[in-house]
Amino acid sequence: MTNQPFFTRQDDRFMPTPACRGPWNPQSLHGRVIVGLLGHVLEAEHGEPDFLPARLTVDMYRLPDFSPIEVTTRVVREGKRIKVVDAEFISGGVSMGRASCQFLRRTANTEGTVWTPPNWDVPKPADIPPPEDPRMGMGGMWAMRRITGDFGQVGIKRTWMSEVRELVEGEPLTPFTRVAVAADFASPFANAGDKGLAYINSDVTVYLHRLPVTEWIGFEVINHGASDGVAVGECFLYDEQGPIGSAACAALAQVMKR
């Protein structure tokens with residue numbers, strides 16, 4: 001499936017390709033393509049140059065199979081400074097997920113100095129050799145350059161990620177789509193431990209104060225917590241010029257099907 005797009009278009013529907021296959025069930029889609037497609041449609045139908053998609057929240061309450069997909073959108077509020085749009089992910093005629101995107105008008109920063117976390121000082125993706133293990137990036141679903149830590153390890157984890165295929169055939173990835181497709185990785189990166197990944201995320205929320213200007217998205221785990229089988233995970237997001245925002249998720253204890 002080298003460079004095969006995740007989806008093709010058929011009239012108003014999106015047709016999943018084998019590249020969409022997820023890790024939990026071989027007959028289901030990966031969460032990253034659900035988040036990515038909802039973000040893609042929201043931006044394509046409602047994005048404007050003067051507005052930044054500052055927050056995208058996606059709820060994934062069913063696990064879609066490879067049935068044809070429709071994405072519908074609805075404007076909740078369209079003001080001079082704030083626009084809120086909802087979207088629904090419908091697979092095989094059944095609602096499988098939904099999204100809400102908040103677009104904020106770009107202006108100028110206010111005066112004064114506000115505390116911010118220190119920027120990470122890490123090697124650039126071009127300075128990190130590609131991984132020798134072909135399983136990195138789920139067998140080629142994405143490209144990775146590990147910085148610190150890895151799955152199966154307990155400790156600080158940082159990595160670069162870059163997309164290697166189109167989300168929708170014939171439609172180039174926009175900076176926002178790159179973030180939307182990648183954002184689901186916050187869950188396995190933050191929630192995997194020394195026994196592997198045993199949490200499946202039910203949502204993803206991305207906050208952005210700017211869009212990435214490079215193809216590589218950096219992830220840095222900043223939080224994991226779990227009680228009674230419910231976990232939360234959070235990552236800071238970067239591009240090669242510095243911070244761009246964060247991604248967070250809620251997750252449920254789950255045994256992976258083999």
# chains A, B, ... in the order shown; residues from 1 in each chain; ligands from 1

$ residues_around --residues "Gly149 of chain A" --least-positions-apart "3" --cutoff "12 Å" --atoms "only C-alpha atoms" --output "number ranges by chain"
A: 145-146, 152-160, 189-190, 192-194, 219-221

$ residues_around --residues "Asp203 of chain A" --least-positions-apart "4" --cutoff "10 Å" --atoms "only C-alpha atoms" --output "PyMOL selection string"
chain A and resi 31+35+57-61+97-99+184+187+248-251

$ atom_distance --atom1 "atom CA of Lys124 of chain A" --atom2 "atom CA of Gly242 of chain A"
11.1 Å

$ select_by_dssp --residues "segment 130-253 of chain A" --states "strand (DSSP E or B)" --output "ChimeraX atom specification"
/A:142-148,158-163,168,171,193,196,199-201,203-208,217-227,230-239,242-253

$ atom_distance --atom1 "atom CA of Arg13 of chain A" --atom2 "atom CA of Pro53 of chain A"
23.8 Å

$ residues_around --residues "Gly225 of chain A" --least-positions-apart "4" --cutoff "10 Å" --atoms "only C-alpha atoms" --output "compact mmCIF listing (two decimals) with N, CA, C and O atoms, in the first residue's frame"
# COMPACT_ATOMS: atom_id res chain seq x y z
N ALA A 190 1.06 8.75 24.38
CA ALA A 190 0.98 9.09 25.80
C ALA A 190 0.54 7.91 26.65
O ALA A 190 0.93 7.81 27.82
N ASN A 191 -0.27 6.98 26.11
CA ASN A 191 -0.91 5.96 26.93
C ASN A 191 -0.25 4.58 26.85
O ASN A 191 -0.66 3.67 27.58
N VAL A 230 -10.12 4.24 32.87
CA VAL A 230 -10.27 5.45 32.05
C VAL A 230 -8.96 6.23 32.12
O VAL A 230 -8.45 6.52 33.21
N ALA A 231 -8.42 6.57 30.95
CA ALA A 231 -7.14 7.27 30.88
C ALA A 231 -7.28 8.58 30.13
O ALA A 231 -8.19 8.77 29.32
N VAL A 232 -6.37 9.50 30.44
CA VAL A 232 -6.20 10.70 29.65
C VAL A 232 -4.74 10.79 29.24
O VAL A 232 -3.85 10.37 29.98
N GLY A 233 -4.49 11.32 28.05
CA GLY A 233 -3.13 11.51 27.57
C GLY A 233 -3.03 12.85 26.86
O GLY A 233 -3.99 13.29 26.22
N GLU A 234 -1.88 13.50 26.98
CA GLU A 234 -1.68 14.81 26.38
C GLU A 234 -0.28 14.93 25.80
O GLU A 234 0.68 14.41 26.37
N ALA A 250 -9.16 11.19 25.64
CA ALA A 250 -9.66 10.30 26.67
C ALA A 250 -9.65 8.88 26.10
O ALA A 250 -9.83 8.69 24.89

$ decode --residues "segment 161-194 of chain A" --atoms "C-alpha atoms" --output "compact mmCIF listing (two decimals), in the first residue's frame"
# COMPACT_ATOMS: atom_id res chain seq x y z
CA MET A 161 5.92 12.41 12.46
CA SER A 162 5.28 13.14 8.79
CA GLU A 163 2.55 11.97 6.44
CA VAL A 164 3.56 9.80 3.49
CA ARG A 165 0.25 9.70 1.59
CA GLU A 166 -2.74 11.84 0.67
CA LEU A 167 -5.77 11.75 2.92
CA VAL A 168 -8.12 12.00 -0.08
CA GLU A 169 -6.85 11.01 -3.51
CA GLY A 170 -5.92 14.02 -5.64
CA GLU A 171 -6.31 16.53 -2.79
CA PRO A 172 -2.99 17.83 -1.38
CA LEU A 173 -2.57 17.90 2.37
CA THR A 174 -3.06 21.34 3.89
CA PRO A 175 -1.20 22.28 7.09
CA PHE A 176 -4.40 21.81 9.11
CA THR A 177 -5.11 18.42 7.56
CA ARG A 178 -1.57 17.32 8.46
CA VAL A 179 -2.24 18.13 12.11
CA ALA A 180 -5.72 16.58 12.08
CA VAL A 181 -4.50 13.28 10.62
CA ALA A 182 -1.55 13.12 13.00
CA ALA A 183 -3.37 14.17 16.19
CA ASP A 184 -4.77 10.74 17.09
CA PHE A 185 -1.18 9.63 17.73
CA ALA A 186 -1.33 11.52 21.03
CA SER A 187 -3.25 8.58 22.51
CA PRO A 188 -0.87 5.68 21.81
CA PHE A 189 2.17 7.87 22.39
CA ALA A 190 0.98 9.09 25.80
CA ASN A 191 -0.91 5.96 26.93
CA ALA A 192 1.42 3.10 25.90
CA GLY A 193 3.61 1.64 28.66
CA ASP A 194 5.90 -1.27 29.46
